[in-house]
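Note: the block below is entry_2.csv and it holds CSV, C-alpha atoms and all ligand atoms.
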```csv
chain,number,residue,atom,x,y,z
A,580,MET,CA,-2.5,-9.0,15.9
A,581,GLY,CA,-2.1,-5.5,14.7
A,582,LYS,CA,1.1,-3.5,15.1
A,583,LYS,CA,1.8,-0.8,17.7
A,584,TRP,CA,1.1,2.7,16.5
A,585,THR,CA,2.0,5.9,18.4
A,586,LEU,CA,1.4,9.5,17.5
A,587,SER,CA,3.6,12.5,18.2
A,588,ALA,CA,2.1,15.2,20.4
A,589,ARG,CA,2.5,17.7,17.5
A,590,HIS,CA,0.7,15.4,15.2
A,591,GLU,CA,-2.1,14.9,17.7
A,592,ARG,CA,-2.7,18.6,17.7
A,593,ARG,CA,-2.7,18.8,13.9
A,594,SER,CA,-4.6,15.7,13.0
A,595,PRO,CA,-7.1,14.9,15.7
A,596,TRP,CA,-8.9,12.4,13.4
A,597,LEU,CA,-5.8,10.2,13.5
A,598,VAL,CA,-5.6,10.3,17.2
A,599,ARG,CA,-8.9,8.5,17.2
A,600,ASN,CA,-7.3,5.8,15.2
A,601,VAL,CA,-5.1,4.7,18.0
A,602,ASN,CA,-6.7,2.6,20.7
A,603,ASN,CA,-4.4,1.4,23.5
A,604,GLY,CA,-1.5,1.6,21.1
A,605,ARG,CA,-3.2,-0.6,18.4
A,606,LEU,CA,-4.3,0.8,15.1
A,607,ARG,CA,-8.0,1.2,14.8
A,608,VAL,CA,-8.8,2.6,11.4
A,609,LYS,CA,-11.2,5.5,11.5
A,610,LEU,CA,-11.8,7.5,8.3
A,611,ARG,CA,-13.3,10.9,7.7
A,612,LYS,CA,-15.4,9.5,4.9
A,613,THR,CA,-16.3,6.3,3.0
A,614,TYR,CA,-17.3,6.4,-0.6
A,615,ILE,CA,-20.0,3.9,-1.6
A,616,GLU,CA,-20.5,3.4,-5.2
A,617,ILE,CA,-24.2,2.5,-5.4
A,618,THR,CA,-24.2,2.2,-9.1
A,619,THR,CA,-21.8,2.2,-12.1
A,620,ALA,CA,-24.5,3.2,-14.5
A,621,CYS,CA,-24.7,6.7,-15.8
A,622,ASN,CA,-27.1,8.7,-17.9
A,623,LEU,CA,-24.2,10.8,-19.5
A,624,SER,CA,-20.9,10.0,-21.2
A,625,CYS,CA,-18.7,13.1,-20.4
A,626,SER,CA,-15.6,13.4,-22.6
A,627,PHE,CA,-13.4,13.8,-19.5
A,628,CYS,CA,-14.9,10.8,-17.7
A,629,GLY,CA,-12.3,8.1,-16.8
A,630,GLY,CA,-15.0,5.4,-17.2
A,631,THR,CA,-14.7,1.9,-15.9
A,632,ARG,CA,-14.0,-1.5,-17.3
A,633,ARG,CA,-16.6,-2.8,-14.9
A,634,ALA,CA,-20.1,-3.6,-16.2
A,635,PRO,CA,-23.0,-1.2,-15.4
A,636,GLN,CA,-24.5,-2.5,-12.1
A,637,PHE,CA,-26.6,-1.4,-9.2
A,638,MET,CA,-25.7,-2.2,-5.6
A,639,ASP,CA,-27.8,-4.9,-4.1
A,640,PRO,CA,-29.8,-3.5,-1.1
A,641,ALA,CA,-28.9,-6.4,1.1
A,642,LEU,CA,-25.2,-5.6,0.5
A,643,PHE,CA,-25.8,-2.0,1.2
A,644,ALA,CA,-27.5,-2.8,4.5
A,645,ARG,CA,-24.5,-5.0,5.5
A,646,LEU,CA,-22.1,-2.2,4.6
A,647,LEU,CA,-23.9,0.2,6.9
A,648,GLU,CA,-23.3,-2.2,9.8
A,649,GLN,CA,-19.7,-2.6,8.9
A,650,ILE,CA,-18.9,1.1,8.5
A,651,LYS,CA,-20.3,1.8,12.0
A,652,GLY,CA,-17.4,3.1,14.0
A,653,ILE,CA,-15.2,3.7,11.0
A,654,SER,CA,-16.8,6.7,9.2
A,655,ARG,CA,-19.8,9.0,9.9
A,656,HIS,CA,-19.8,10.6,6.4
A,657,LEU,CA,-20.8,8.5,3.4
A,658,TYR,CA,-20.4,9.7,-0.1
A,659,PHE,CA,-22.6,7.9,-2.6
A,660,HIS,CA,-20.2,8.0,-5.5
A,661,VAL,CA,-17.2,6.7,-7.3
A,662,MET,CA,-18.5,6.1,-10.8
A,663,GLY,CA,-22.0,6.3,-12.1
A,664,GLU,CA,-25.0,8.6,-11.3
A,665,PRO,CA,-26.4,7.7,-7.9
A,666,LEU,CA,-29.8,9.1,-8.6
A,667,LEU,CA,-30.3,6.4,-11.2
A,668,HIS,CA,-30.4,3.8,-8.4
A,669,PRO,CA,-34.1,2.8,-8.1
A,670,GLN,CA,-33.6,2.2,-4.3
A,671,ILE,CA,-31.9,5.5,-3.5
A,672,GLY,CA,-34.7,6.6,-1.2
A,673,ARG,CA,-34.6,3.3,0.7
A,674,PHE,CA,-30.8,3.6,1.0
A,675,LEU,CA,-31.1,7.0,2.5
A,676,ASP,CA,-33.8,5.7,4.9
A,677,LEU,CA,-31.5,2.9,6.0
A,678,CYS,CA,-28.7,5.4,6.8
A,679,GLU,CA,-30.9,7.5,9.2
A,680,PRO,CA,-31.0,5.2,12.3
A,681,TYR,CA,-27.2,5.0,12.2
A,682,GLY,CA,-26.8,8.7,12.2
A,683,TYR,CA,-24.7,8.7,8.9
A,684,LYS,CA,-24.4,11.9,7.1
A,685,VAL,CA,-24.9,11.2,3.4
A,686,HIS,CA,-23.3,13.3,0.6
A,687,LEU,CA,-24.5,12.7,-3.0
A,688,ILE,CA,-22.5,13.8,-6.0
A,689,THR,CA,-24.7,14.0,-9.0
A,690,ASN,CA,-24.7,15.5,-12.5
A,691,GLY,CA,-28.0,17.0,-11.7
A,692,ARG,CA,-30.0,15.8,-14.6
A,693,LEU,CA,-32.4,13.8,-12.5
A,694,LEU,CA,-32.8,16.4,-9.7
A,695,SER,CA,-36.1,17.8,-11.0
A,696,THR,CA,-37.8,14.4,-10.5
A,697,ALA,CA,-35.7,13.0,-7.6
A,698,GLY,CA,-35.5,16.3,-5.7
A,699,PRO,CA,-38.8,16.3,-3.8
A,700,GLY,CA,-38.1,12.8,-2.5
A,701,LEU,CA,-34.6,13.6,-1.5
A,702,LEU,CA,-35.8,16.5,0.6
A,703,LYS,CA,-37.7,14.1,2.8
A,704,LYS,CA,-34.6,12.1,3.8
A,705,PRO,CA,-33.0,13.5,7.0
A,706,ALA,CA,-29.8,11.5,6.4
A,707,LEU,CA,-29.0,13.6,3.3
A,708,THR,CA,-26.6,16.3,4.3
A,709,GLN,CA,-25.1,17.5,1.1
A,710,VAL,CA,-25.8,17.4,-2.6
A,711,GLY,CA,-22.8,18.2,-4.8
A,712,VAL,CA,-23.7,19.1,-8.4
A,713,SER,CA,-20.9,18.7,-10.8
A,714,LEU,CA,-20.8,21.6,-13.2
A,715,GLN,CA,-18.0,20.3,-15.4
A,716,SER,CA,-20.4,17.7,-16.7
A,717,PHE,CA,-22.3,20.6,-18.3
A,718,GLU,CA,-19.6,21.7,-20.6
A,719,ASP,CA,-19.9,19.0,-23.2
A,720,THR,CA,-23.6,19.0,-24.1
A,721,LEU,CA,-25.6,21.9,-22.8
A,722,SER,CA,-26.7,24.9,-24.7
A,723,ASP,CA,-26.9,28.2,-22.7
A,724,GLY,CA,-30.7,27.8,-22.4
A,725,ALA,CA,-30.4,24.2,-21.2
A,726,MET,CA,-27.7,25.2,-18.7
A,727,ASP,CA,-29.9,28.0,-17.3
A,728,SER,CA,-32.8,25.6,-16.9
A,729,LEU,CA,-30.7,23.0,-15.1
A,730,LEU,CA,-29.1,25.5,-12.8
A,731,SER,CA,-32.5,26.9,-12.0
A,732,THR,CA,-33.6,23.4,-11.0
A,733,VAL,CA,-30.6,23.2,-8.6
A,734,ARG,CA,-31.2,26.7,-7.3
A,735,ASP,CA,-34.9,25.9,-6.5
A,736,PHE,CA,-33.9,22.6,-4.9
A,737,ALA,CA,-31.3,24.5,-2.7
A,738,SER,CA,-33.9,26.9,-1.7
A,739,ARG,CA,-36.3,24.1,-0.6
A,740,ALA,CA,-33.4,22.4,1.1
A,741,ALA,CA,-32.8,25.7,3.1
A,742,GLU,CA,-36.4,25.5,4.3
A,743,ARG,CA,-35.9,21.9,5.3
A,744,GLY,CA,-32.6,22.7,7.1
A,745,GLY,CA,-29.5,20.7,7.5
A,746,LEU,CA,-29.0,20.2,3.7
A,747,TRP,CA,-26.3,22.0,1.8
A,748,VAL,CA,-25.9,22.2,-2.0
A,749,MET,CA,-22.6,22.6,-3.6
A,750,PHE,CA,-21.8,23.4,-7.3
A,751,ARG,CA,-18.5,21.8,-8.1
A,752,LEU,CA,-16.4,23.2,-10.9
A,753,TRP,CA,-13.4,20.9,-10.8
A,754,ASN,CA,-12.1,21.9,-14.1
A,755,GLY,CA,-9.6,24.7,-13.6
A,756,GLY,CA,-6.0,25.2,-14.6
A,757,GLY,CA,-4.1,23.7,-17.5
A,758,GLY,CA,-4.2,26.9,-19.6
A,759,ASP,CA,-6.6,25.2,-22.1
A,760,PRO,CA,-8.5,28.1,-23.8
A,761,VAL,CA,-11.4,25.8,-24.8
A,762,ARG,CA,-11.9,24.7,-21.2
A,763,ALA,CA,-11.5,28.2,-19.9
A,764,GLY,CA,-14.2,29.3,-22.3
A,765,ALA,CA,-16.5,26.5,-21.2
A,766,ASN,CA,-16.0,27.4,-17.6
A,767,ALA,CA,-16.7,31.1,-18.3
A,768,ARG,CA,-19.9,30.1,-20.0
A,769,ILE,CA,-21.0,28.0,-16.9
A,770,LEU,CA,-20.2,30.9,-14.6
A,771,ARG,CA,-22.2,33.4,-16.7
A,772,SER,CA,-25.1,31.0,-16.6
A,773,LEU,CA,-24.9,30.9,-12.8
A,774,GLU,CA,-24.7,34.6,-12.6
A,775,ARG,CA,-27.9,34.9,-14.7
A,776,VAL,CA,-29.8,32.2,-12.8
A,777,LEU,CA,-28.9,33.5,-9.4
A,778,ALA,CA,-29.1,37.2,-10.5
A,779,LEU,CA,-25.7,37.9,-9.0
A,780,PRO,CA,-24.6,41.5,-8.8
A,781,ALA,CA,-21.0,40.8,-9.8
A,782,PRO,CA,-19.2,38.4,-12.1
A,783,LEU,CA,-18.3,35.2,-10.3
A,784,ALA,CA,-14.8,35.0,-11.8
A,785,ALA,CA,-14.0,38.3,-10.2
A,786,ALA,CA,-15.7,37.4,-6.9
A,787,SER,CA,-13.9,34.1,-6.5
A,788,GLY,CA,-10.3,35.4,-6.6
A,789,ASP,CA,-8.3,32.4,-5.6
A,790,LYS,CA,-10.8,31.2,-3.1
A,791,PRO,CA,-11.6,27.5,-3.4
A,792,VAL,CA,-15.2,28.0,-2.2
A,793,ILE,CA,-17.6,30.9,-2.5
A,794,LYS,CA,-20.9,31.1,-0.7
A,795,LEU,CA,-23.8,32.0,-3.0
A,796,THR,CA,-26.8,31.8,-0.7
A,797,ALA,CA,-27.3,30.5,2.9
A,798,ASN,CA,-26.9,26.9,1.9
A,799,LEU,CA,-25.6,27.1,-1.7
A,800,SER,CA,-21.9,27.4,-2.6
A,801,LEU,CA,-19.6,27.1,-5.5
A,802,GLN,CA,-16.4,25.1,-5.3
A,803,PHE,CA,-13.4,25.4,-7.6
A,804,ALA,CA,-10.7,22.8,-8.0
A,805,PRO,CA,-8.1,22.0,-10.7
A,806,ARG,CA,-9.0,19.3,-13.3
A,807,PHE,CA,-7.3,16.0,-12.5
A,808,GLU,CA,-6.3,12.9,-14.5
A,809,TRP,CA,-7.7,9.5,-13.6
A,810,PRO,CA,-4.8,7.3,-12.5
A,811,ASP,CA,-4.3,4.3,-14.7
A,812,PRO,CA,-1.7,1.5,-15.0
A,813,SER,CA,-1.0,2.7,-18.6
A,814,MET,CA,0.1,6.1,-17.5
A,815,PRO,CA,3.8,7.1,-17.1
A,816,LEU,CA,5.4,6.7,-13.7
A,817,VAL,CA,5.3,9.9,-11.7
A,818,GLY,CA,7.6,8.8,-8.9
A,819,ASP,CA,7.7,6.7,-5.7
A,820,ALA,CA,8.1,9.5,-3.1
A,821,GLY,CA,5.1,11.4,-1.9
A,822,PHE,CA,1.9,11.4,0.1
A,823,CYS,CA,-1.8,10.9,-0.3
A,824,TYR,CA,-4.8,10.8,1.9
A,825,GLY,CA,-6.0,7.4,0.6
A,826,LEU,CA,-6.7,5.1,3.5
A,827,ARG,CA,-5.9,7.8,6.0
A,828,ASP,CA,-8.9,10.0,5.2
A,829,GLN,CA,-11.0,7.8,3.0
A,830,CYS,CA,-11.6,4.5,1.4
A,831,ALA,CA,-14.1,3.5,-1.3
A,832,ILE,CA,-16.4,0.5,-1.6
A,833,LEU,CA,-17.3,-0.3,-5.1
A,834,VAL,CA,-20.7,-1.6,-6.3
A,835,ASP,CA,-19.9,-5.3,-5.7
A,836,GLY,CA,-18.3,-4.7,-2.3
A,837,THR,CA,-14.7,-4.5,-3.4
A,838,VAL,CA,-12.7,-2.1,-1.2
A,839,VAL,CA,-10.1,0.2,-2.7
A,840,PRO,CA,-8.0,3.0,-1.0
A,841,CYS,CA,-9.6,5.9,-2.8
A,842,CYS,CA,-12.4,7.0,-5.1
A,843,LEU,CA,-10.0,7.3,-8.1
A,844,ASP,CA,-9.4,3.6,-8.3
A,845,ARG,CA,-12.3,3.1,-10.7
A,846,ASN,CA,-11.1,-0.3,-12.0
A,847,ALA,CA,-10.3,-1.8,-8.6
A,848,VAL,CA,-6.6,-2.1,-9.5
A,849,MET,CA,-5.8,-1.9,-5.7
A,850,ASP,CA,-8.4,-4.5,-4.6
A,851,LEU,CA,-8.0,-4.7,-0.9
A,852,GLY,CA,-10.7,-7.3,-0.4
A,853,SER,CA,-14.4,-7.7,-0.6
A,854,ALA,CA,-16.6,-6.2,2.1
A,855,ALA,CA,-19.3,-8.5,0.8
A,856,ARG,CA,-17.3,-11.5,2.1
A,857,SER,CA,-15.1,-10.1,4.9
A,858,PRO,CA,-15.6,-7.4,7.6
A,859,LEU,CA,-14.5,-4.0,6.3
A,860,ARG,CA,-12.4,-3.3,9.4
A,861,GLU,CA,-10.4,-6.5,8.7
A,862,ILE,CA,-9.8,-5.3,5.2
A,863,LEU,CA,-8.8,-1.8,6.2
A,864,GLU,CA,-6.4,-3.1,8.9
A,865,GLY,CA,-5.1,-5.9,6.6
A,866,GLU,CA,-1.6,-6.2,5.3
A,867,ARG,CA,-1.9,-4.5,1.9
A,868,ALA,CA,-3.8,-1.5,3.3
A,869,ASP,CA,-1.3,-1.3,6.2
A,870,ARG,CA,1.6,-1.1,3.7
A,871,ILE,CA,-0.1,1.6,1.7
A,872,ARG,CA,-0.9,3.7,4.7
A,873,LYS,CA,2.5,3.3,6.3
A,874,GLY,CA,4.2,4.0,3.0
A,875,PHE,CA,2.4,7.4,2.7
A,876,SER,CA,3.4,8.2,6.3
A,877,ARG,CA,7.0,7.8,5.2
A,878,ARG,CA,6.5,9.6,1.9
A,879,ASN,CA,7.0,6.2,0.2
A,880,VAL,CA,4.4,5.5,-2.5
A,881,VAL,CA,4.0,1.8,-2.4
A,882,GLU,CA,1.4,0.9,-5.1
A,883,ASP,CA,2.1,1.0,-8.8
A,884,LEU,CA,-1.2,2.9,-9.5
A,885,CYS,CA,-0.3,5.5,-6.9
A,886,ARG,CA,3.2,5.9,-8.5
A,887,ARG,CA,1.4,6.9,-11.7
A,888,CYS,CA,-1.2,9.1,-10.0
A,889,THR,CA,-0.8,12.8,-10.6
A,890,TYR,CA,-3.6,13.7,-8.3
A,891,ARG,CA,-1.4,13.1,-5.2
A,892,LEU,CA,1.1,15.7,-6.5
A,893,ARG,CA,-1.1,18.5,-5.1
A,894,PHE,CA,-0.3,17.2,-1.6
A,895,ASP,CA,3.4,17.6,-2.2
A,896,ARG,CA,3.1,21.3,-2.3
A,897,LEU,CA,2.3,21.1,1.4
A,898,ASN,CA,5.6,20.6,3.2
A,899,SER,CA,5.7,17.1,4.6
A,900,PRO,CA,2.7,14.9,5.2
A,901,PRO,CA,1.0,14.5,8.6
A,902,ALA,CA,3.2,11.6,9.4
A,903,ILE,CA,2.6,9.1,12.2
A,904,SER,CA,5.2,7.2,14.2
A,905,ILE,CA,5.0,3.6,13.6
A,906,GLY,CA,6.4,1.2,16.2
A,907,SER,CA,9.8,2.6,17.4
A,908,SER,CA,10.7,4.5,14.3
A,909,ALA,CA,10.5,8.2,14.7
A,910,GLY,CA,8.0,10.1,12.6
A,911,SER,CA,8.1,13.8,12.0
A,912,SER,CA,4.8,15.5,11.4
A,913,SER,CA,3.7,18.7,9.9
A,914,ALA,CA,1.2,20.4,7.6
A,915,ALA,CA,-2.4,19.7,8.0
A,916,GLY,CA,-2.8,19.3,4.3
A,917,ASN,CA,-5.0,20.8,1.7
A,918,ARG,CA,-8.2,19.1,2.7
A,919,ARG,CA,-10.2,21.5,0.7
A,920,THR,CA,-9.5,19.9,-2.6
A,921,TRP,CA,-9.5,16.3,-1.3
A,922,GLY,CA,-12.6,14.3,-2.2
A,923,ILE,CA,-12.0,13.5,-5.8
A,924,GLN,CA,-15.1,12.8,-7.8
A,925,PRO,CA,-15.5,11.6,-11.3
A,926,SER,CA,-18.3,13.8,-12.4
B,1,LIG,S1,-2.1,8.3,-4.9
B,1,LIG,FE1,-3.9,8.5,-6.3
B,1,LIG,S2,-4.5,6.3,-6.7
B,1,LIG,FE2,-3.2,6.3,-4.9
B,1,LIG,S3,-4.6,6.5,-3.1
B,1,LIG,FE3,-4.0,8.6,-3.7
B,1,LIG,S4,-5.5,9.3,-5.1
B,1,LIG,FE4,-5.7,7.1,-5.0
B,2,LIG,S1,-18.1,12.0,-15.3
B,2,LIG,FE1,-19.8,11.5,-14.0
B,2,LIG,S2,-21.6,12.2,-15.0
B,2,LIG,FE2,-20.0,12.2,-16.6
B,2,LIG,S3,-20.1,10.1,-17.5
B,2,LIG,FE3,-18.7,9.9,-15.9
B,2,LIG,S4,-19.9,9.2,-14.1
B,2,LIG,FE4,-21.3,10.1,-15.6
```

Represent the structure contained in this file as structure tokens.
Ligand code: SF4
Ligand code: SF4
Amino acid sequence: MGKKWTLSARHERRSPWLVRNVNNGRLRVKLRKTYIEITTACNLSCSFCGGTRRAPQFMDPALFARLLEQIKGISRHLYFHVMGEPLLHPQIGRFLDLCEPYGYKVHLITNGRLLSTAGPGLLKKPALTQVGVSLQSFEDTLSDGAMDSLLSTVRDFASRAAERGGLWVMFRLWNGGGGDPVRAGANARILRSLERVLALPAPLAAASGDKPVIKLTANLSLQFAPRFEWPDPSMPLVGDAGFCYGLRDQCAILVDGTVVPCCLDRNAVMDLGSAARSPLREILEGERADRIRKGFSRRNVVEDLCRRCTYRLRFDRLNSPPAISIGSSAGSSSAAGNRRTWGIQPS
């Protein structure tokens, strides 16, 4: 039996996605998105990558099909990522086909290296809604010429996606801040390459101002976000007060079916259970998940990994969290939260 959940009227106005969580006073988890790690294998080894202690693996199609059944009614948006390069999965086309009858909207996050060969097939998959190309993976290895060539491939893919309709492409430069001159130089090089390839009339750095996203063409945009550190049990404690959207906005299902609260838990430190063995809803409404979610609602960071996670600090800048009232305890609510930078990706 689940516990009684209520929402304040103020909170209902500000967080409609949580209102849908409450069904006759009983918590029914509904998340904005579910990450599915379809592979841990990658064709790069970026210097900033957190990596994983788990072995390279590809998700079994039978498990993937079972997950689609289980996610029904929980999320509409699926993000094929946590670790690894999703375009390496030999069954990616089949996976996208399986998503279509359910009406899932699939977002792929890729380092772009396989887009020239995989792109034409992807365009034929109606379930695919967005392709995010991570630009920070360019900084380690690519010469200016190679960068121009790869960005041209993405540009051409975006233009064919515009003809297809319903498919957006996003360059992600999640590498800002920190005052590191080397990184700033690398970012400037990436932006100059984009300016060349897209024949932009003005420098991107000037055009962006402090906007998190700028639109480049009808269906192509560029997103900026600060660089983040992968949380790890070996990192120093940050504190036990704060908020995060893990299990409120998203969960992640790793390649073997292990469910974790967010896409930063790359080593399954917060293993909530296996969706290969138990229903996902049971796991998301289980005791450990419940403690984490309720903890964040009270600005109480329950899990050790979360106490060491610096990513969540960005949410502390936003007044108080969108709290929910649990049982009879009063919950205050405010601040919709900076959802623009949520959606952590490793590449
Ligand atoms: S605090 Fe960090 S580790 Fe914990 S759920 Fe949020 S992003 Fe994940
Ligand atoms: S950051 Fe992404 S692209 Fe780079 S090695 Fe890690 S998983 Fe691969």

*Expected answer as JSON, numbers by chain: residues within 9 Å of ligand LIG 1 (chain B), all atoms listed in the file*: {"A": [809, 810, 811, 821, 822, 823, 824, 825, 826, 829, 830, 839, 840, 841, 842, 843, 844, 849, 871, 875, 880, 881, 882, 883, 884, 885, 886, 887, 888, 889, 890, 891, 892, 921, 923]}

_Interatomic distance (Å, one decimal) between atom CA of Trp753 of chain A and atom CA of Ala634 of chain A_ = 26.0 Å

*So how far away is atom CA of Ala737 of chain A from atom CA of Gly724 of chain A, in Å?*
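Atom CA of Ala737 of chain A lies at a distance of 20.0 Å from atom CA of Gly724 of chain A.
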
Using only C-alpha atoms and all ligand atoms, which residues of chain A come within 10 Å of ligand LIG 2 (chain B), and what is the closest atom pair for each, with the distance in Å to one decimal? Give it as CSV, sorted by chain and residue number.
```
residue,atom,partner,partner_atom,distance
A:Thr618,CA,B:LIG2,S4,9.6
A:Thr619,CA,B:LIG2,S4,7.5
A:Ala620,CA,B:LIG2,S4,7.6
A:Cys621,CA,B:LIG2,FE4,4.8
A:Asn622,CA,B:LIG2,FE4,6.4
A:Leu623,CA,B:LIG2,S3,4.6
A:Ser624,CA,B:LIG2,S3,3.8
A:Cys625,CA,B:LIG2,FE2,4.1
A:Ser626,CA,B:LIG2,FE2,7.5
A:Phe627,CA,B:LIG2,S1,6.6
A:Cys628,CA,B:LIG2,S1,4.2
A:Gly629,CA,B:LIG2,FE3,6.7
A:Gly630,CA,B:LIG2,FE3,6.0
A:Thr631,CA,B:LIG2,FE3,8.9
A:His660,CA,B:LIG2,S4,8.7
A:Val661,CA,B:LIG2,S4,7.7
A:Met662,CA,B:LIG2,S4,4.7
A:Gly663,CA,B:LIG2,S4,4.1
A:Glu664,CA,B:LIG2,S4,5.8
A:Pro665,CA,B:LIG2,S4,9.1
A:Ile688,CA,B:LIG2,FE1,8.8
A:Thr689,CA,B:LIG2,S2,7.0
A:Asn690,CA,B:LIG2,S2,5.2
A:Gly691,CA,B:LIG2,S2,8.7
A:Arg692,CA,B:LIG2,S2,9.1
A:Val712,CA,B:LIG2,S2,9.8
A:Ser713,CA,B:LIG2,S2,7.8
A:Leu714,CA,B:LIG2,S2,9.6
A:Gln715,CA,B:LIG2,S1,8.3
A:Ser716,CA,B:LIG2,FE2,5.5
A:Phe717,CA,B:LIG2,FE2,8.9
A:Asp719,CA,B:LIG2,FE2,9.5
A:Gln924,CA,B:LIG2,FE1,7.9
A:Pro925,CA,B:LIG2,S1,4.8
A:Ser926,CA,B:LIG2,FE1,3.2
```

*Which residues, protein or nucleic acid, reach to within 6 Å of (-18.5, -1.6, -9.4) in the file's coordinates when using only C-alpha atoms, and can you give that as a ChimeraX atom specification?*
/A:619,633,833-835

*Have a look at A:Leu701, A:Leu707, A:Val838, A:Val685 and name the one nearest to Leu863 of chain A; count only C-alpha atoms.*
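So, comparing all the options, the nearest one is A:Val838.
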
*To one decimal place, how far is atom CA of Leu702 of chain A from atom CA of Leu801 of chain A in Å?*
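Atom-to-atom, atom CA of Leu702 of chain A and atom CA of Leu801 of chain A are spaced 20.3 Å apart.
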
*Within 9 Å of (-31.1, 7.8, -1.1), only C-alpha atoms: residues as a list in words?*
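Every residue inside that radius is included here: Phe659, Pro665, Leu666, His668, Gln670, Ile671, Gly672, Arg673, Phe674, Leu675, Asp676, Leu677, Cys678, Val685, Leu687, Gly700, Leu701, Lys704, Ala706 and Leu707 of chain A.
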